[in-house]
Amino acid sequence: MDTADVAQFIREREEKLGGKIRYRTYCTWYARLGHEVREYGILLYTDGRTVAYEDFDRGPTLLGIPIRRTRPKDEEYVKLEVAFPIEDIADMTQVTWSSAAKSASCGKDISKEANAFDRMFRRIVTKLSLKDGTVIFIEPGSHKELAGSIRRFREEG
């Protein structure tokens, strides 16, 4: 994607949100309890009032080099697009990836909050708990930046 394509993409997302994007991050893993799990390609962004995320179809690669599909897909790609008000976030914590993955596969939140040992030696993801009971697990570029931005936007009201 060249610079003009990226600028156009951002403008389109801002039109959807109805405001300027104030924070965005790329997430390398995503799961919503009782729904889908996605590897790579999740863009999370916010205008300070609404949090939105979407994924992108990615073909198979070998060491980052695109390769031709050797067999047809088992199922069709369905684009993921979700948005919710930022004030709907009831809690944001860090949990182990393994407990988040188990939660996603069984459809029940059995995630384990990360302790100091986990943070040093295990893969950690961010757990967003919404007021309506929805649980979302994401692996953002930086949990600290995401948490700080969400906290700041919520304080601004």
# chains A, B, ... in the order shown; residues from 1 in each chain; ligands from 1

call {"tool": "residues_around", "arguments": {"residues": "Gly157 of chain A", "least_positions_apart": "2", "cutoff": "10 Å", "atoms": "only C-alpha atoms", "output": "list in words"}}
result
Gly48, Arg49, Ile86, Glu87, Arg152, Phe153, Arg154 and Glu155 of chain A

call {"tool": "residues_around", "arguments": {"residues": "Glu36 of chain A", "least_positions_apart": "6", "cutoff": "9 Å", "atoms": "only C-alpha atoms", "output": "number ranges by chain"}}
result
A: 30, 80, 104

call {"tool": "closest_atom_pairs", "arguments": {"of": "segment 72-141 of chain A", "to": "segment 6-26 of chain A", "cutoff": "10 Å", "atoms": "only C-alpha atoms", "output": "Markdown table"}}
result
| residue | atom | partner | partner_atom | distance |
| --- | --- | --- | --- | --- |
| A:Ala83 | CA | A:Leu17 | CA | 8.9 |
| A:Ile138 | CA | A:Tyr26 | CA | 9.7 |
| A:Glu139 | CA | A:Tyr26 | CA | 8.4 |
| A:Pro140 | CA | A:Tyr26 | CA | 5.9 |
| A:Gly141 | CA | A:Tyr26 | CA | 6.1 |

call {"tool": "write_last_selection", "arguments": {"atoms": "all heavy atoms", "output": "mmCIF file, in the first residue's frame"}}
result
data_model
loop_
_atom_site.group_PDB
_atom_site.id
_atom_site.type_symbol
_atom_site.label_atom_id
_atom_site.label_comp_id
_atom_site.auth_asym_id
_atom_site.auth_seq_id
_atom_site.Cartn_x
_atom_site.Cartn_y
_atom_site.Cartn_z
ATOM 1 N N ALA A 83 -17.773 -2.641 16.284
ATOM 2 C CA ALA A 83 -17.574 -1.342 16.943
ATOM 3 C C ALA A 83 -18.453 -1.295 18.191
ATOM 4 O O ALA A 83 -19.545 -1.876 18.222
ATOM 5 C CB ALA A 83 -17.926 -0.201 15.997
ATOM 6 N N ILE A 138 -7.326 -9.691 22.691
ATOM 7 C CA ILE A 138 -6.522 -9.168 21.578
ATOM 8 C C ILE A 138 -5.056 -9.137 21.988
ATOM 9 O O ILE A 138 -4.730 -9.064 23.169
ATOM 10 C CB ILE A 138 -6.975 -7.755 21.137
ATOM 11 C CG1 ILE A 138 -6.920 -6.785 22.319
ATOM 12 C CG2 ILE A 138 -8.327 -7.782 20.472
ATOM 13 C CD1 ILE A 138 -7.191 -5.346 21.945
ATOM 14 N N GLU A 139 -4.212 -9.188 20.988
ATOM 15 C CA GLU A 139 -2.774 -9.060 21.232
ATOM 16 C C GLU A 139 -2.300 -7.805 20.500
ATOM 17 O O GLU A 139 -1.898 -7.860 19.346
ATOM 18 C CB GLU A 139 -2.040 -10.308 20.727
ATOM 19 C CG GLU A 139 -0.591 -10.350 21.118
ATOM 20 C CD GLU A 139 0.048 -11.681 20.764
ATOM 21 O OE1 GLU A 139 -0.405 -12.351 19.826
ATOM 22 O OE2 GLU A 139 1.022 -12.038 21.449
ATOM 23 N N PRO A 140 -2.410 -6.635 21.159
ATOM 24 C CA PRO A 140 -2.019 -5.379 20.505
ATOM 25 C C PRO A 140 -0.503 -5.207 20.480
ATOM 26 O O PRO A 140 0.221 -5.935 21.166
ATOM 27 C CB PRO A 140 -2.661 -4.314 21.398
ATOM 28 C CG PRO A 140 -2.651 -4.938 22.761
ATOM 29 C CD PRO A 140 -2.858 -6.418 22.526
ATOM 30 N N GLY A 141 -0.059 -4.216 19.717
ATOM 31 C CA GLY A 141 1.365 -3.904 19.681
ATOM 32 C C GLY A 141 1.900 -3.585 21.067
ATOM 33 O O GLY A 141 2.975 -4.024 21.450
#

call {"tool": "select_by_dssp", "arguments": {"residues": "chain A", "states": "helix (DSSP H, G or I)", "output": "VMD selection string"}}
result
chain A and resid 3 to 17 86 to 88 97 to 106 116 to 121 143 to 156

call {"tool": "residues_around", "arguments": {"residues": "Tyr40 of chain A", "least_positions_apart": "3", "cutoff": "10 Å", "atoms": "only C-alpha atoms", "output": "ChimeraX atom specification"}}
result
/A:26-30,43,55-58,139

call {"tool": "residues_around", "arguments": {"residues": "Lys127 of chain A", "least_positions_apart": "4", "cutoff": "12 Å", "atoms": "only C-alpha atoms", "output": "JSON, numbers by chain"}}
result
{"A": [29, 30, 31, 32, 33, 89, 90, 91, 92, 93, 94, 95, 96, 97, 99, 100, 101, 103, 104, 109, 110, 111, 112, 113, 114, 134, 135, 136, 137, 138, 139, 140, 143, 146, 147]}

call {"tool": "write_last_selection", "arguments": {"atoms": "N, CA and C atoms", "output": "mmCIF file, in the first residue's frame"}}
result
data_model
loop_
_atom_site.group_PDB
_atom_site.id
_atom_site.type_symbol
_atom_site.label_atom_id
_atom_site.label_comp_id
_atom_site.auth_asym_id
_atom_site.auth_seq_id
_atom_site.Cartn_x
_atom_site.Cartn_y
_atom_site.Cartn_z
ATOM 1 N N TRP A 29 -3.328 -11.197 17.246
ATOM 2 C CA TRP A 29 -4.219 -12.305 17.588
ATOM 3 C C TRP A 29 -5.496 -11.714 18.164
ATOM 4 N N TYR A 30 -6.615 -12.370 17.895
ATOM 5 C CA TYR A 30 -7.919 -11.885 18.332
ATOM 6 C C TYR A 30 -8.839 -13.071 18.593
ATOM 7 N N ALA A 31 -9.658 -12.966 19.627
ATOM 8 C CA ALA A 31 -10.716 -13.946 19.876
ATOM 9 C C ALA A 31 -11.840 -13.249 20.624
ATOM 10 N N ARG A 32 -13.055 -13.578 20.259
ATOM 11 C CA ARG A 32 -14.223 -13.088 20.995
ATOM 12 C C ARG A 32 -14.916 -14.316 21.550
ATOM 13 N N LEU A 33 -15.112 -14.326 22.849
ATOM 14 C CA LEU A 33 -15.672 -15.482 23.542
ATOM 15 C C LEU A 33 -16.969 -15.924 22.878
ATOM 16 N N ILE A 89 -16.557 -0.469 27.935
ATOM 17 C CA ILE A 89 -15.476 -1.293 28.482
ATOM 18 C C ILE A 89 -15.564 -1.256 30.006
ATOM 19 N N ALA A 90 -15.872 -2.408 30.592
ATOM 20 C CA ALA A 90 -15.994 -2.510 32.044
ATOM 21 C C ALA A 90 -14.649 -2.788 32.701
ATOM 22 N N ASP A 91 -13.793 -3.562 32.002
ATOM 23 C CA ASP A 91 -12.517 -3.949 32.594
ATOM 24 C C ASP A 91 -11.532 -4.295 31.484
ATOM 25 N N MET A 92 -10.259 -4.019 31.740
ATOM 26 C CA MET A 92 -9.198 -4.352 30.802
ATOM 27 C C MET A 92 -8.029 -4.912 31.608
ATOM 28 N N THR A 93 -7.665 -6.173 31.333
ATOM 29 C CA THR A 93 -6.579 -6.810 32.052
ATOM 30 C C THR A 93 -5.689 -7.564 31.071
ATOM 31 N N GLN A 94 -4.554 -8.012 31.566
ATOM 32 C CA GLN A 94 -3.671 -8.852 30.773
ATOM 33 C C GLN A 94 -3.817 -10.284 31.273
ATOM 34 N N VAL A 95 -3.951 -11.204 30.329
ATOM 35 C CA VAL A 95 -4.102 -12.618 30.658
ATOM 36 C C VAL A 95 -3.125 -13.421 29.809
ATOM 37 N N THR A 96 -2.902 -14.662 30.203
ATOM 38 C CA THR A 96 -2.023 -15.512 29.404
ATOM 39 C C THR A 96 -2.737 -15.891 28.109
ATOM 40 N N TRP A 97 -1.954 -15.979 27.038
ATOM 41 C CA TRP A 97 -2.524 -16.348 25.749
ATOM 42 C C TRP A 97 -3.132 -17.744 25.807
ATOM 43 N N SER A 99 -4.533 -19.353 28.274
ATOM 44 C CA SER A 99 -5.844 -19.378 28.941
ATOM 45 C C SER A 99 -6.896 -18.665 28.097
ATOM 46 N N ALA A 100 -6.497 -17.641 27.335
ATOM 47 C CA ALA A 100 -7.436 -16.960 26.433
ATOM 48 C C ALA A 100 -7.834 -17.884 25.292
ATOM 49 N N ALA A 101 -6.866 -18.606 24.743
ATOM 50 C CA ALA A 101 -7.157 -19.537 23.656
ATOM 51 C C ALA A 101 -8.088 -20.660 24.127
ATOM 52 N N SER A 103 -10.217 -20.415 26.609
ATOM 53 C CA SER A 103 -11.518 -19.772 26.816
ATOM 54 C C SER A 103 -12.275 -19.656 25.500
ATOM 55 N N ALA A 104 -11.571 -19.232 24.457
ATOM 56 C CA ALA A 104 -12.194 -19.065 23.154
ATOM 57 C C ALA A 104 -12.700 -20.397 22.609
ATOM 58 N N ASP A 109 -15.301 -18.099 29.824
ATOM 59 C CA ASP A 109 -14.117 -17.353 30.241
ATOM 60 C C ASP A 109 -13.428 -18.051 31.405
ATOM 61 N N ILE A 110 -12.330 -18.726 31.085
ATOM 62 C CA ILE A 110 -11.502 -19.378 32.104
ATOM 63 C C ILE A 110 -10.097 -18.781 32.072
ATOM 64 N N SER A 111 -10.016 -17.540 31.565
ATOM 65 C CA SER A 111 -8.709 -16.902 31.408
ATOM 66 C C SER A 111 -8.063 -16.641 32.761
ATOM 67 N N LYS A 112 -6.734 -16.632 32.744
ATOM 68 C CA LYS A 112 -5.931 -16.456 33.958
ATOM 69 C C LYS A 112 -5.188 -15.130 33.862
ATOM 70 N N GLU A 113 -5.415 -14.270 34.839
ATOM 71 C CA GLU A 113 -4.713 -12.987 34.846
ATOM 72 C C GLU A 113 -3.213 -13.229 34.952
ATOM 73 N N ALA A 114 -2.465 -12.475 34.150
ATOM 74 C CA ALA A 114 -1.017 -12.648 34.097
ATOM 75 C C ALA A 114 -0.348 -12.112 35.352
ATOM 76 N N THR A 134 -19.755 -9.351 26.974
ATOM 77 C CA THR A 134 -18.860 -9.739 25.892
ATOM 78 C C THR A 134 -17.416 -9.730 26.389
ATOM 79 N N VAL A 135 -16.663 -10.744 26.012
ATOM 80 C CA VAL A 135 -15.237 -10.818 26.364
ATOM 81 C C VAL A 135 -14.452 -10.918 25.070
ATOM 82 N N ILE A 136 -13.493 -10.003 24.903
ATOM 83 C CA ILE A 136 -12.659 -9.941 23.710
ATOM 84 C C ILE A 136 -11.203 -10.075 24.147
ATOM 85 N N PHE A 137 -10.465 -10.923 23.462
ATOM 86 C CA PHE A 137 -9.039 -11.078 23.713
ATOM 87 C C PHE A 137 -8.306 -10.555 22.485
ATOM 88 N N ILE A 138 -7.326 -9.691 22.691
ATOM 89 C CA ILE A 138 -6.522 -9.168 21.578
ATOM 90 C C ILE A 138 -5.056 -9.137 21.988
ATOM 91 N N GLU A 139 -4.212 -9.188 20.988
ATOM 92 C CA GLU A 139 -2.774 -9.060 21.232
ATOM 93 C C GLU A 139 -2.300 -7.805 20.500
ATOM 94 N N PRO A 140 -2.410 -6.635 21.159
ATOM 95 C CA PRO A 140 -2.019 -5.379 20.505
ATOM 96 C C PRO A 140 -0.503 -5.207 20.480
ATOM 97 N N HIS A 143 0.212 -3.246 25.077
ATOM 98 C CA HIS A 143 -0.904 -3.192 26.017
ATOM 99 C C HIS A 143 -0.884 -1.867 26.783
ATOM 100 N N LEU A 146 -2.270 0.965 24.642
ATOM 101 C CA LEU A 146 -3.710 0.784 24.467
ATOM 102 C C LEU A 146 -4.453 1.141 25.745
ATOM 103 N N ALA A 147 -4.013 0.600 26.874
ATOM 104 C CA ALA A 147 -4.671 0.854 28.159
ATOM 105 C C ALA A 147 -4.623 2.339 28.511
#

call {"tool": "atom_distance", "arguments": {"atom1": "atom CA of Phe84 of chain A", "atom2": "atom CA of Lys102 of chain A"}}
result
24.6 Å

call {"tool": "select_by_dssp", "arguments": {"residues": "segment 13-153 of chain A", "states": "strand (DSSP E)", "output": "VMD selection string"}}
result
chain A and resid 23 to 32 37 to 46 50 to 55 61 to 62 65 to 66 81 to 85 89 to 96 124 to 130 135 to 138

call {"tool": "atom_distance", "arguments": {"atom1": "atom CA of Thr50 of chain A", "atom2": "atom CA of Ala4 of chain A"}}
result
25.0 Å

call {"tool": "closest_residue", "arguments": {"among": "A:Ser149, A:His35, A:Met120, A:Val78", "to": "Asp47 of chain A", "atoms": "only C-alpha atoms"}}
result
A:Ser149

call {"tool": "atom_distance", "arguments": {"atom1": "atom CA of Phe121 of chain A", "atom2": "atom CA of Lys144 of chain A"}}
result
17.8 Å

call {"tool": "decode", "arguments": {"residues": "segment 21-54 of chain A", "atoms": "C-alpha atoms", "output": "CSV table (one decimal), in the first residue's frame"}}
result
chain,number,residue,atom,x,y,z
A,21,ILE,CA,-8.9,8.5,14.5
A,22,ARG,CA,-6.9,9.3,17.6
A,23,TYR,CA,-5.4,5.9,18.3
A,24,ARG,CA,-4.8,2.8,16.2
A,25,THR,CA,-2.8,-0.4,16.7
A,26,TYR,CA,-2.3,-3.6,14.8
A,27,CYS,CA,-3.2,-6.8,16.7
A,28,THR,CA,-1.6,-10.1,15.9
A,29,TRP,CA,-4.2,-12.3,17.6
A,30,TYR,CA,-7.9,-11.9,18.3
A,31,ALA,CA,-10.7,-13.9,19.9
A,32,ARG,CA,-14.2,-13.1,21.0
A,33,LEU,CA,-15.7,-15.5,23.5
A,34,GLY,CA,-18.2,-17.7,21.9
A,35,HIS,CA,-17.4,-16.4,18.4
A,36,GLU,CA,-14.4,-16.2,16.1
A,37,VAL,CA,-10.7,-16.5,16.5
A,38,ARG,CA,-8.4,-14.7,14.1
A,39,GLU,CA,-4.6,-14.8,13.6
A,40,TYR,CA,-2.9,-11.6,12.3
A,41,GLY,CA,-4.4,-8.7,10.4
A,42,ILE,CA,-6.7,-7.1,13.1
A,43,LEU,CA,-6.7,-3.3,13.0
A,44,LEU,CA,-8.1,-1.7,16.2
A,45,TYR,CA,-8.8,2.0,16.1
A,46,THR,CA,-10.7,4.7,18.0
A,47,ASP,CA,-11.8,8.3,17.7
A,48,GLY,CA,-12.0,8.5,21.5
A,49,ARG,CA,-15.7,7.7,21.7
A,50,THR,CA,-16.0,4.4,19.7
A,51,VAL,CA,-13.6,1.5,19.6
A,52,ALA,CA,-13.7,-0.4,16.2
A,53,TYR,CA,-11.7,-3.3,14.9
A,54,GLU,CA,-11.7,-5.2,11.6
